[in-house]
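Heads up, the thing below is written out as structure tokens.
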Amino acid sequence: MRDFLASRRARITPEQLGLPTNGPRRVPGLRREEVAQLASISTDYYTRVEQGRMQASAPVLEAVAQALQLDEDERRYLFDLARAAGPARRASRRRRDVEVPPSVQWMLDSMTQSSAFVRNGRMDVIAHNTLYRALHAPMFDSDTIDRRGRPNIARYLFLDPGSADLFVDWEAAAVTTVALMRAEAGREPHDRVLRELIGELSTLSTRFRTQWAAHHVRIHHYGIKRLRHPDVDRLELVYRSMDLPLSDRAVYDLTIYTAEPGTASEDRLKLLASWAATQPSATEPTRHESH
């Protein structure tokens, strides 16, 4: 809570909000008393909330979110942090993952001209169709996959140097990936596997440490993805993610990539799709699993 709110204070200047600067400032952005003033609470109260020494009410959190101009994802993250600090959440039961049901895999397999996959909050790719496998072949062939042959997007991005060849906009992909993990850590602060992954990446990757310290938060994401595929060269794809409710204790995400009709990327994606159609189904063992 302290680090997140301090980082949000630092990105807003008094001038942006029409506040007087009153001489030199020791820290960038807003002071605590200025946030308190904007939220209509006392400075002492806000300080205790920011430092995690007080369980703030929902109206106070709303006022703080408005004062700091948080977007919807950041606001949800703030409320998740507050719930995680509460006594009820400390006693919460351990999250249990679920297997992807066959019907979801059938749905993925039916998408032959779009790349589609399901991931969990830890960025594990837990289901995919054949076009996604073909489109992200370097990730599936990476040494960063787990014993089941499943890639982890964060581990591939930050621990495999080849990821910069596949992802044209590597920095943007890195920022989004860490922001998604940050949101998951707010939802599930007691997830031991997630904590171990964050610790591993923080130890092995300076870039991950830098992004994690930035406290960016994303829950849903969409936009343009540019890939440099080893067989069909550059593709510019439109993608959108959405919730996939499989468990009341875990967040799963369905993401679909497709190309704009009439573009060179559509032609290249169709070429890749025709090649992928001759390959084993995504439900069959991969090369690593067969070993």
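Residues are named by chain letter and number: chains run A, B, ... in the order of the structure tokens, numbers start at 1 in each chain, and ligands are numbered from 1 in the order shown.
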
Shell around Leu197 (chain A) at 12 Å using only C-alpha atoms, local window under 5 positions removed, as a PyMOL selection string: chain A and resi 121-124+152-155+158-159+178+181-182+185+191-192+202-205+208

Would you put the residues from that selection into a file with N, CA and C atoms, as an mmCIF file, in the first residue's frame?
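After the write, selection-v1.cif holds the following:
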```cif
data_model
loop_
_atom_site.group_PDB
_atom_site.id
_atom_site.type_symbol
_atom_site.label_atom_id
_atom_site.label_comp_id
_atom_site.auth_asym_id
_atom_site.auth_seq_id
_atom_site.Cartn_x
_atom_site.Cartn_y
_atom_site.Cartn_z
ATOM 1 N N GLY A 121 -3.294 -16.185 -13.695
ATOM 2 C CA GLY A 121 -2.757 -14.925 -13.207
ATOM 3 C C GLY A 121 -1.256 -14.908 -13.053
ATOM 4 N N ARG A 122 -0.631 -16.079 -13.035
ATOM 5 C CA ARG A 122 0.834 -16.166 -12.942
ATOM 6 C C ARG A 122 1.503 -16.116 -14.310
ATOM 7 N N MET A 123 0.716 -15.932 -15.355
ATOM 8 C CA MET A 123 1.194 -15.834 -16.743
ATOM 9 C C MET A 123 1.602 -17.180 -17.326
ATOM 10 N N ASP A 124 1.088 -18.291 -16.758
ATOM 11 C CA ASP A 124 1.272 -19.613 -17.356
ATOM 12 C C ASP A 124 0.274 -19.782 -18.494
ATOM 13 N N ASN A 152 5.660 -19.976 -19.633
ATOM 14 C CA ASN A 152 5.244 -18.875 -18.768
ATOM 15 C C ASN A 152 5.700 -17.596 -19.469
ATOM 16 N N ILE A 153 4.763 -16.720 -19.779
ATOM 17 C CA ILE A 153 5.074 -15.546 -20.590
ATOM 18 C C ILE A 153 6.105 -14.660 -19.912
ATOM 19 N N ALA A 154 5.967 -14.455 -18.616
ATOM 20 C CA ALA A 154 6.916 -13.593 -17.898
ATOM 21 C C ALA A 154 8.306 -14.208 -17.867
ATOM 22 N N ARG A 155 8.364 -15.493 -17.611
ATOM 23 C CA ARG A 155 9.678 -16.149 -17.554
ATOM 24 C C ARG A 155 10.356 -16.109 -18.923
ATOM 25 N N PHE A 158 11.613 -12.339 -19.717
ATOM 26 C CA PHE A 158 12.711 -11.778 -18.941
ATOM 27 C C PHE A 158 13.930 -12.694 -18.817
ATOM 28 N N LEU A 159 13.770 -13.979 -19.105
ATOM 29 C CA LEU A 159 14.893 -14.896 -18.922
ATOM 30 C C LEU A 159 15.420 -15.487 -20.226
ATOM 31 N N VAL A 178 4.290 -7.349 -16.518
ATOM 32 C CA VAL A 178 4.536 -7.092 -15.096
ATOM 33 C C VAL A 178 3.332 -6.417 -14.459
ATOM 34 N N MET A 181 0.879 -9.044 -13.632
ATOM 35 C CA MET A 181 1.325 -9.792 -12.454
ATOM 36 C C MET A 181 1.128 -8.973 -11.180
ATOM 37 N N ARG A 182 1.340 -7.670 -11.263
ATOM 38 C CA ARG A 182 1.139 -6.798 -10.098
ATOM 39 C C ARG A 182 -0.320 -6.844 -9.649
ATOM 40 N N ALA A 185 -0.935 -10.111 -7.908
ATOM 41 C CA ALA A 185 -0.369 -10.115 -6.547
ATOM 42 C C ALA A 185 -1.273 -9.370 -5.582
ATOM 43 N N ASP A 191 -0.435 -16.209 -2.521
ATOM 44 C CA ASP A 191 -0.127 -17.241 -3.510
ATOM 45 C C ASP A 191 1.379 -17.520 -3.479
ATOM 46 N N ARG A 192 1.745 -18.658 -2.908
ATOM 47 C CA ARG A 192 3.158 -18.982 -2.738
ATOM 48 C C ARG A 192 3.867 -19.142 -4.079
ATOM 49 N N SER A 202 12.924 -11.400 -10.025
ATOM 50 C CA SER A 202 13.604 -10.255 -9.416
ATOM 51 C C SER A 202 15.086 -10.536 -9.219
ATOM 52 N N THR A 203 15.408 -11.778 -8.917
ATOM 53 C CA THR A 203 16.806 -12.166 -8.696
ATOM 54 C C THR A 203 17.586 -12.228 -10.005
ATOM 55 N N LEU A 204 16.943 -12.723 -11.060
ATOM 56 C CA LEU A 204 17.657 -13.010 -12.305
ATOM 57 C C LEU A 204 17.564 -11.916 -13.362
ATOM 58 N N SER A 205 16.628 -10.982 -13.201
ATOM 59 C CA SER A 205 16.422 -9.982 -14.254
ATOM 60 C C SER A 205 16.364 -8.569 -13.668
ATOM 61 N N PHE A 208 13.191 -6.853 -14.939
ATOM 62 C CA PHE A 208 11.983 -7.179 -14.191
ATOM 63 C C PHE A 208 11.943 -6.386 -12.893
#
```

Within 9 Å of Leu38 (chain A) using only C-alpha atoms, minus same-chain residues under 5 positions, as number ranges by chain: A: 33, 63-64, 66-68

DSSP alpha helix (DSSP H) residues within region 13-225 of chain A, listed as a PyMOL selection string: chain A and resi 14-17+32-39+43-50+58-67+72-85+87-90+102-110+130-135+137-140+153-159+163-166+170-187+192-204+206-213

Selection: 8 Å around region 71-88 of chain A, only C-alpha atoms, excl. self and same-chain fewer than 5 positions, as a VMD selection string: chain A and resid 1 52 55 to 56 58 61 to 62 65 183 186 to 189 217 to 219

Atoms kept (N, CA and C atoms) for selection, written as an mmCIF file, in the first residue's frame:
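result_7.cif was written with the following content:
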```cif
data_model
loop_
_atom_site.group_PDB
_atom_site.id
_atom_site.type_symbol
_atom_site.label_atom_id
_atom_site.label_comp_id
_atom_site.auth_asym_id
_atom_site.auth_seq_id
_atom_site.Cartn_x
_atom_site.Cartn_y
_atom_site.Cartn_z
ATOM 1 N N MET A 1 0.824 -1.195 0.000
ATOM 2 C CA MET A 1 0.000 0.000 0.000
ATOM 3 C C MET A 1 0.865 1.254 0.000
ATOM 4 N N GLY A 52 -0.257 1.758 5.851
ATOM 5 C CA GLY A 52 -0.847 0.479 6.206
ATOM 6 C C GLY A 52 -1.139 0.324 7.680
ATOM 7 N N GLN A 55 -7.073 0.540 8.594
ATOM 8 C CA GLN A 55 -7.951 -0.069 7.605
ATOM 9 C C GLN A 55 -8.946 0.989 7.139
ATOM 10 N N ALA A 56 -8.752 1.508 5.948
ATOM 11 C CA ALA A 56 -9.599 2.592 5.448
ATOM 12 C C ALA A 56 -10.948 2.058 4.985
ATOM 13 N N ALA A 58 -14.411 2.122 2.527
ATOM 14 C CA ALA A 58 -14.580 2.230 1.078
ATOM 15 C C ALA A 58 -14.709 3.689 0.620
ATOM 16 N N LEU A 61 -11.245 5.210 0.546
ATOM 17 C CA LEU A 61 -10.457 4.695 -0.576
ATOM 18 C C LEU A 61 -10.909 5.319 -1.893
ATOM 19 N N GLU A 62 -12.228 5.493 -2.042
ATOM 20 C CA GLU A 62 -12.741 6.148 -3.248
ATOM 21 C C GLU A 62 -12.218 7.577 -3.355
ATOM 22 N N ALA A 65 -8.580 7.486 -4.327
ATOM 23 C CA ALA A 65 -8.455 7.111 -5.738
ATOM 24 C C ALA A 65 -8.755 8.297 -6.650
ATOM 25 N N ALA A 183 -1.245 -6.812 -10.618
ATOM 26 C CA ALA A 183 -2.664 -6.903 -10.286
ATOM 27 C C ALA A 183 -2.990 -8.241 -9.638
ATOM 28 N N GLY A 186 -1.985 -8.348 -6.060
ATOM 29 C CA GLY A 186 -2.941 -7.657 -5.202
ATOM 30 C C GLY A 186 -4.154 -8.519 -4.887
ATOM 31 N N ARG A 187 -4.613 -9.287 -5.882
ATOM 32 C CA ARG A 187 -5.756 -10.176 -5.666
ATOM 33 C C ARG A 187 -5.394 -11.348 -4.769
ATOM 34 N N GLU A 188 -4.199 -11.905 -4.970
ATOM 35 C CA GLU A 188 -3.800 -13.131 -4.276
ATOM 36 C C GLU A 188 -2.438 -12.948 -3.591
ATOM 37 N N PRO A 189 -2.369 -12.159 -2.525
ATOM 38 C CA PRO A 189 -1.077 -11.891 -1.883
ATOM 39 C C PRO A 189 -0.481 -13.108 -1.184
ATOM 40 N N VAL A 217 -0.175 -1.193 -12.957
ATOM 41 C CA VAL A 217 -1.219 -2.201 -12.767
ATOM 42 C C VAL A 217 -2.075 -2.285 -14.025
ATOM 43 N N ARG A 218 -2.315 -3.521 -14.476
ATOM 44 C CA ARG A 218 -3.247 -3.766 -15.583
ATOM 45 C C ARG A 218 -4.091 -4.979 -15.215
ATOM 46 N N ILE A 219 -5.349 -4.948 -15.594
ATOM 47 C CA ILE A 219 -6.226 -6.100 -15.370
ATOM 48 C C ILE A 219 -6.658 -6.690 -16.710
#
```

So that each row is one residue of region 163-275 of chain A with an atom at most 12 Å from region 133-142 of chain A, can you give its shortest atom pair and the distance in Å to one decimal, using only C-alpha atoms, rows by chain and rising number, as a tab-separated table?
```
residue	atom	partner	partner_atom	distance
A:Ser163	CA	A:Met139	CA	7.5
A:Ala164	CA	A:Pro138	CA	10.8
A:Asp165	CA	A:Pro138	CA	9.3
A:Leu166	CA	A:Pro138	CA	7.4
A:Phe167	CA	A:His136	CA	9.7
A:Lys225	CA	A:Leu135	CA	11.7
A:Arg226	CA	A:Leu135	CA	11.3
A:Leu227	CA	A:Leu135	CA	8.5
A:Arg228	CA	A:Leu135	CA	9.4
A:His229	CA	A:Leu135	CA	6.9
A:Pro230	CA	A:Pro138	CA	8.3
A:Asp231	CA	A:Leu135	CA	9.4
A:Val232	CA	A:Leu135	CA	9.4
A:Asp233	CA	A:Leu135	CA	10.6
A:Arg234	CA	A:Leu135	CA	10.9
A:Leu235	CA	A:Leu135	CA	9.6
A:Glu236	CA	A:Leu135	CA	11.8
A:Leu237	CA	A:Leu135	CA	10.9
A:Tyr257	CA	A:Leu135	CA	9.9
A:Thr258	CA	A:Leu135	CA	11.1
A:Arg268	CA	A:Leu135	CA	10.5
A:Leu269	CA	A:Leu135	CA	8.3
A:Lys270	CA	A:Leu135	CA	11.0
A:Leu271	CA	A:Ala134	CA	10.8
A:Leu272	CA	A:Ala134	CA	7.0
A:Ala273	CA	A:Ala134	CA	7.9
A:Ser274	CA	A:Ala134	CA	10.3
A:Trp275	CA	A:Ala134	CA	8.3
```

Surrounding residues of region 97-111 of chain A excluding itself and chain neighbours under 2 positions, 6 Å, only C-alpha atoms, as number ranges by chain: A: 113-114, 129
